[in-house]
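Containing mmCIF, C-alpha atoms and all ligand atoms: upload.cif.
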```
data_my_file
#
loop_
_atom_site.label_atom_id
_atom_site.label_comp_id
_atom_site.auth_asym_id
_atom_site.auth_seq_id
_atom_site.Cartn_x
_atom_site.Cartn_y
_atom_site.Cartn_z
CA MET A 1 140.94 109.50 58.34
CA ILE A 2 142.12 109.30 61.93
CA GLU A 3 145.51 107.94 62.91
CA ILE A 4 147.16 107.33 66.26
CA GLU A 5 150.91 107.94 66.53
CA LYS A 6 153.43 107.85 69.33
CA MET A 7 154.31 111.44 70.11
CA THR A 8 157.82 112.47 69.07
CA SER A 9 159.73 115.74 69.28
CA LEU A 10 158.43 116.51 65.78
CA HIS A 11 154.91 116.82 67.22
CA LEU A 12 155.91 119.04 70.13
CA GLY A 13 155.25 122.42 68.51
CA ARG A 14 151.68 121.51 67.61
CA VAL A 15 151.01 119.55 70.82
CA ASN A 16 151.98 122.59 72.87
CA THR A 17 149.09 124.51 71.31
CA LEU A 18 146.42 121.91 72.16
CA SER A 19 143.80 122.91 74.70
CA VAL A 20 140.27 122.21 75.86
CA GLU A 21 137.48 124.63 76.78
CA SER A 22 137.98 126.28 80.18
CA ASP A 23 135.00 124.41 81.66
CA GLN A 24 136.62 121.11 80.56
CA LEU A 25 139.81 121.74 82.58
CA GLN A 26 138.12 120.01 85.49
CA TYR A 27 138.39 116.80 83.44
CA VAL A 28 141.92 117.04 82.00
CA ALA A 29 145.00 119.00 83.04
CA THR A 30 146.68 121.57 80.80
CA ILE A 31 148.97 120.17 78.13
CA ASP A 32 152.01 121.47 80.05
CA ASP A 33 151.02 119.50 83.13
CA ILE A 34 150.12 116.43 81.10
CA LEU A 35 153.46 116.42 79.28
CA ALA A 36 155.25 116.85 82.60
CA SER A 37 153.68 113.58 83.77
CA ALA A 38 154.88 111.63 80.71
CA ASN A 39 157.89 109.34 81.05
CA ALA A 40 159.18 106.00 79.80
CA GLN A 41 156.17 104.20 81.29
CA ILE A 42 153.51 106.86 80.70
CA ARG A 43 153.69 107.34 76.96
CA PRO A 44 152.28 110.31 75.06
CA HIS A 45 150.31 109.76 71.87
CA VAL A 46 148.85 112.10 69.29
CA ILE A 47 145.63 111.85 67.31
CA ILE A 48 146.06 112.95 63.70
CA ALA A 49 143.27 113.98 61.32
CA ASN A 50 144.01 115.26 57.84
CA ASP A 51 147.73 115.53 58.69
CA GLU A 52 147.00 117.73 61.69
CA VAL A 53 147.36 116.92 65.39
CA VAL A 54 143.83 117.23 66.78
CA GLY A 55 144.06 115.36 70.07
CA PHE A 56 146.18 113.62 72.61
CA PHE A 57 146.29 110.83 75.18
CA LEU A 58 148.68 108.98 77.45
CA ILE A 59 149.07 105.23 77.65
CA ASP A 60 150.18 104.22 81.12
CA THR A 61 152.03 100.92 80.86
CA ALA A 62 152.46 100.73 84.65
CA TYR A 63 148.81 101.36 85.49
CA ALA A 64 148.47 98.21 87.56
CA ASP A 65 151.47 99.16 89.72
CA HIS A 66 149.71 102.16 91.19
CA ASN A 67 146.06 101.05 91.05
CA ASP A 68 144.74 98.39 93.40
CA CYS A 69 142.38 95.74 92.04
CA VAL A 70 143.73 96.09 88.48
CA GLU A 71 145.14 93.03 86.74
CA SER A 72 148.89 93.18 86.16
CA ASN A 73 148.53 92.97 82.37
CA SER A 74 146.51 96.18 82.13
CA LEU A 75 147.10 99.50 80.42
CA GLY A 76 145.72 102.87 81.49
CA LEU A 77 144.22 105.39 79.08
CA ARG A 78 144.79 108.84 80.58
CA SER A 79 144.41 112.51 79.62
CA PHE A 80 142.36 111.70 76.52
CA PHE A 81 141.14 114.85 74.83
CA ILE A 82 140.35 116.50 71.53
CA ASP A 83 141.55 120.06 70.98
CA HIS A 84 138.68 122.49 71.53
CA LYS A 85 138.79 123.72 67.93
CA HIS A 86 138.27 120.18 66.64
CA GLN A 87 135.60 118.87 69.02
CA GLY A 88 132.26 117.70 67.68
CA ASN A 89 133.70 116.30 64.44
CA GLY A 90 133.62 112.66 65.44
CA TYR A 91 137.36 112.49 66.16
CA ALA A 92 137.01 111.02 69.67
CA LYS A 93 134.58 108.43 68.37
CA GLN A 94 136.88 107.45 65.49
CA THR A 95 139.95 107.35 67.74
CA LEU A 96 138.25 105.09 70.27
CA GLN A 97 137.16 102.80 67.43
CA ILE A 98 140.75 102.21 66.30
CA LEU A 99 142.30 102.29 69.78
CA PRO A 100 141.87 98.56 70.62
CA THR A 101 143.64 97.46 67.43
CA TYR A 102 146.40 100.00 68.05
CA LEU A 103 146.90 98.78 71.63
CA MET A 104 146.88 95.11 70.69
CA SER A 105 149.54 95.74 68.01
CA ASN A 106 151.77 97.88 70.17
CA PHE A 107 151.26 96.28 73.59
CA PRO A 108 150.56 92.63 72.71
CA LYS A 109 151.09 91.32 76.25
CA GLN A 110 148.44 93.58 77.75
CA THR A 111 144.87 92.34 77.83
CA ASN A 112 142.87 95.17 79.42
CA VAL A 113 142.73 98.93 79.21
CA TYR A 114 141.36 100.95 82.12
CA LEU A 115 140.37 104.59 82.45
CA THR A 116 138.65 106.84 84.94
CA VAL A 117 136.09 109.43 83.90
CA ASN A 118 134.49 112.07 86.07
CA CYS A 119 130.90 111.25 87.08
CA LYS A 120 129.84 114.69 85.72
CA ASN A 121 131.47 114.13 82.33
CA LYS A 122 128.50 112.55 80.57
CA LEU A 123 129.80 113.24 77.05
CA ALA A 124 133.04 111.36 77.65
CA GLN A 125 131.24 108.54 79.47
CA LYS A 126 128.94 108.06 76.50
CA SER A 127 131.88 108.04 74.09
CA TYR A 128 133.71 105.38 76.11
CA LEU A 129 130.64 103.16 76.52
CA ASN A 130 129.84 103.41 72.81
CA ALA A 131 133.43 102.37 72.05
CA GLY A 132 133.18 99.15 74.07
CA PHE A 133 134.38 100.16 77.52
CA TYR A 134 132.22 98.93 80.41
CA ASP A 135 131.65 100.57 83.78
CA THR A 136 133.28 98.39 86.45
CA GLY A 137 130.84 99.80 89.01
CA ASN A 138 133.72 101.07 91.14
CA LEU A 139 134.54 104.72 91.78
CA TYR A 140 137.94 106.43 92.00
CA HIS A 141 137.98 109.18 94.62
CA GLY A 142 141.48 110.56 94.09
CA GLY A 143 140.64 113.14 91.40
CA LYS A 144 140.59 116.90 91.98
CA SER A 145 137.04 117.35 90.61
CA GLY A 146 135.03 114.66 92.37
CA PRO A 147 134.43 110.95 91.96
CA GLN A 148 135.22 109.15 88.74
CA HIS A 149 133.77 106.01 87.21
CA ILE A 150 136.35 103.30 86.59
CA MET A 151 135.85 101.81 83.13
CA CYS A 152 137.58 98.90 81.44
CA MET A 153 137.82 97.24 78.04
CA ASP A 154 138.91 93.63 77.62
CA LEU A 155 141.14 93.69 74.55
CA ASN A 156 140.70 89.93 74.08
CA LEU A 157 137.00 90.43 73.44
CA VAL A 158 137.37 93.14 70.81
C1 LIG A 201 134.95 114.08 75.40
C2 LIG A 201 135.69 114.50 74.11
C3 LIG A 201 136.98 113.72 74.03
C4 LIG A 201 134.79 114.16 72.91
O1 LIG A 201 135.52 114.51 71.74
P1 LIG A 201 134.81 114.88 70.35
O2 LIG A 201 135.76 114.60 69.26
O3 LIG A 201 134.26 116.23 70.44
O4 LIG A 201 133.61 113.81 70.32
P2 LIG A 201 132.90 113.24 69.01
O5 LIG A 201 132.74 114.36 68.03
O6 LIG A 201 133.59 112.00 68.57
O7 LIG A 201 131.47 112.90 69.56
C5 LIG A 201 131.25 111.80 70.43
C6 LIG A 201 129.77 111.77 70.77
O8 LIG A 201 129.43 112.92 71.55
C7 LIG A 201 128.46 113.72 70.88
N1 LIG A 201 128.86 115.11 71.06
C8 LIG A 201 130.04 115.67 70.72
N2 LIG A 201 130.07 116.96 71.12
C9 LIG A 201 128.87 117.20 71.70
C10 LIG A 201 128.29 118.33 72.33
N3 LIG A 201 128.94 119.50 72.43
N4 LIG A 201 127.06 118.22 72.84
C11 LIG A 201 126.38 117.06 72.77
N5 LIG A 201 126.88 115.92 72.20
C12 LIG A 201 128.10 116.01 71.67
C13 LIG A 201 128.53 113.32 69.44
O9 LIG A 201 127.29 113.50 68.78
C14 LIG A 201 128.88 111.85 69.54
O10 LIG A 201 127.71 111.10 69.83
P3 LIG A 201 127.36 109.76 69.02
O11 LIG A 201 128.49 108.78 69.34
O12 LIG A 201 126.06 109.33 69.58
O13 LIG A 201 127.36 110.13 67.58
C15 LIG A 201 135.96 116.03 74.07
O14 LIG A 201 134.75 116.71 74.34
C16 LIG A 201 137.00 116.49 75.04
O15 LIG A 201 138.19 116.48 74.73
N6 LIG A 201 136.57 116.92 76.25
C17 LIG A 201 137.47 117.50 77.22
C18 LIG A 201 138.42 116.48 77.82
C19 LIG A 201 137.70 115.30 78.40
O16 LIG A 201 136.65 115.40 79.01
N7 LIG A 201 138.32 114.14 78.23
C20 LIG A 201 137.87 112.90 78.83
C21 LIG A 201 138.65 112.66 80.06
S1 LIG A 201 138.20 111.11 80.83
#
```
Could you write out this structure as structure tokens?
Amino acid sequence: MIEIEKMTSLHLGRVNTLSVESDQLQYVATIDDILASANAQIRPHVIIANDEVVGFFLIDTAYADHNDCVESNSLGLRSFFIDHKHQGNGYAKQTLQILPTYLMSNFPKQTNVYLTVNCKNKLAQKSYLNAGFYDTGNLYHGGKSGPQHIMCMDLNLV
């Protein structure tokens, strides 16, 4: 069973060991860089399977403040990844299935969740679309590895 938890100092030892394949580093930063970007508004979360931390993501509660054309009551899903040793086991799929309920419980005033995904990252795009995100049709050009699709999920419709 998959669970989502807010990251605490108790998770730090395991989180520090998480990584993706080298060819996936164009899609997410290293865990050191990701953790350095976390703060009171950009909140780290862990994905737990069988009592083990297998993945990670950030929830950006100030996403609308630094993204034009995003409604003020929107969250951002950032740096979503599954550790390379645990990929291909359905953990991303299961996490994205429970994510809307988790967000609605923990951020009840927010009604949308946005993300950007590299146009080359077909596997992640498929996972997000299958989970109920839709492609807004807009592109984000600020990433280091080329344009990214901007996707959104309306939490009221879940
Ligand atoms: C994208 C990512 C999160 C998917 O995680 P995962 O746990 O391996 O994915 P799942 O096992 O849940 O599989 C999701 C789907 O992809 C398919 N899939 C998984 N690995 C695959 C592979 N190597 N080749 C082809 N298809 C694959 C699965 O069959 C599944 O398809 P389905 O929904 O039709 O059954 C993971 O590859 C990852 O962390 N990538 C690097 C970071 C990244 O790109 N993050 C996204 C940033 S926007």
Kindly compile the residues surrounding ligand LIG 201 (chain A) within 10 Å, counting all atoms listed in the file, and format them as a short mmCIF file (atom, residue, chain, number, x, y, z; two decimals) with C-alpha atoms, keeping the file's coordinate frame.
```
data_model
loop_
_atom_site.label_atom_id
_atom_site.label_comp_id
_atom_site.auth_asym_id
_atom_site.auth_seq_id
_atom_site.Cartn_x
_atom_site.Cartn_y
_atom_site.Cartn_z
CA SER A 19 143.80 122.91 74.70
CA VAL A 20 140.27 122.21 75.86
CA GLU A 21 137.48 124.63 76.78
CA SER A 22 137.98 126.28 80.18
CA ASP A 23 135.00 124.41 81.66
CA GLN A 24 136.62 121.11 80.56
CA LEU A 25 139.81 121.74 82.58
CA GLN A 26 138.12 120.01 85.49
CA TYR A 27 138.39 116.80 83.44
CA VAL A 28 141.92 117.04 82.00
CA ALA A 29 145.00 119.00 83.04
CA VAL A 54 143.83 117.23 66.78
CA GLY A 55 144.06 115.36 70.07
CA PHE A 56 146.18 113.62 72.61
CA PHE A 57 146.29 110.83 75.18
CA LEU A 77 144.22 105.39 79.08
CA ARG A 78 144.79 108.84 80.58
CA SER A 79 144.41 112.51 79.62
CA PHE A 80 142.36 111.70 76.52
CA PHE A 81 141.14 114.85 74.83
CA ILE A 82 140.35 116.50 71.53
CA ASP A 83 141.55 120.06 70.98
CA HIS A 84 138.68 122.49 71.53
CA LYS A 85 138.79 123.72 67.93
CA HIS A 86 138.27 120.18 66.64
CA GLN A 87 135.60 118.87 69.02
CA GLY A 88 132.26 117.70 67.68
CA ASN A 89 133.70 116.30 64.44
CA GLY A 90 133.62 112.66 65.44
CA TYR A 91 137.36 112.49 66.16
CA ALA A 92 137.01 111.02 69.67
CA LYS A 93 134.58 108.43 68.37
CA GLN A 94 136.88 107.45 65.49
CA THR A 95 139.95 107.35 67.74
CA LEU A 96 138.25 105.09 70.27
CA GLN A 97 137.16 102.80 67.43
CA LEU A 115 140.37 104.59 82.45
CA THR A 116 138.65 106.84 84.94
CA VAL A 117 136.09 109.43 83.90
CA ASN A 118 134.49 112.07 86.07
CA CYS A 119 130.90 111.25 87.08
CA LYS A 120 129.84 114.69 85.72
CA ASN A 121 131.47 114.13 82.33
CA LYS A 122 128.50 112.55 80.57
CA LEU A 123 129.80 113.24 77.05
CA ALA A 124 133.04 111.36 77.65
CA GLN A 125 131.24 108.54 79.47
CA LYS A 126 128.94 108.06 76.50
CA SER A 127 131.88 108.04 74.09
CA TYR A 128 133.71 105.38 76.11
CA LEU A 129 130.64 103.16 76.52
CA ASN A 130 129.84 103.41 72.81
CA ALA A 131 133.43 102.37 72.05
CA GLN A 148 135.22 109.15 88.74
CA HIS A 149 133.77 106.01 87.21
CA ILE A 150 136.35 103.30 86.59
CA MET A 151 135.85 101.81 83.13
#
```
Neighbour list for Thr8 (chain A) as a ChimeraX atom specification, cut-off 10 Å, all atoms listed in the file, skip fewer than 4 positions in-chain: /A:12,15,44-46
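Nearest residue to Ser74 (chain A) among A:Thr111, A:Ser105, A:Asn39, A:Thr30 is A:Thr111, counting all atoms listed in the file.
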Pairwise distance for CA of Ile2 (chain A) and CA of Arg14 (chain A), rounded to one decimal in Å: 16.5 Å
Provide an axis-aligned box for all listed atoms of region 135-142 of chain A, padding each side by 6 Å; report its centre and its edge lengths in Å to one decimal, as lines of an AutoDock Vina configuration file.
```
center_x = 136.2
center_y = 104.5
center_z = 89.2
size_x = 22.6
size_y = 24.2
size_z = 22.8
```
Nearest to Glu3 (chain A), chosen from A:Leu155, A:Ile47, A:Leu139, A:Lys144, with only C-alpha atoms counted in the distances: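 Of the candidates, the smallest distance to Glu3 (chain A) is held by A:Ile47.
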Separation of CA of Val113 (chain A) from CA of Asp154 (chain A), in Å and rounded to one decimal: 6.7 Å
Separation of CA of Asn67 (chain A) from CA of Leu157 (chain A) in Å: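 Computed distance, CA of Leu157 (chain A) to CA of Asn67 (chain A), equals 22.5 Å.
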Selected residue, from A:Leu58, A:His11, A:Gln110, A:Glu5, that lies nearest to Leu75 (chain A) when counting only C-alpha atoms: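 Checking each of A:Leu58, A:His11, A:Gln110, A:Glu5 against Leu75 (chain A), counting only C-alpha atoms, the winner is A:Gln110.
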Which of A:Leu99, A:Met104, A:Cys69, A:Met1 sits closest to Tyr140 (chain A) [using only C-alpha atoms]: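 Between A:Leu99, A:Met104, A:Cys69, A:Met1, the residue approaching Tyr140 (chain A) most closely is A:Cys69.
Ranking A:Ile31, A:Val158, A:Ile4, A:Ala64 by their shortest atom-to-atom distance to Gly132 (chain A), with all atoms listed in the file included, puts A:Val158 first.
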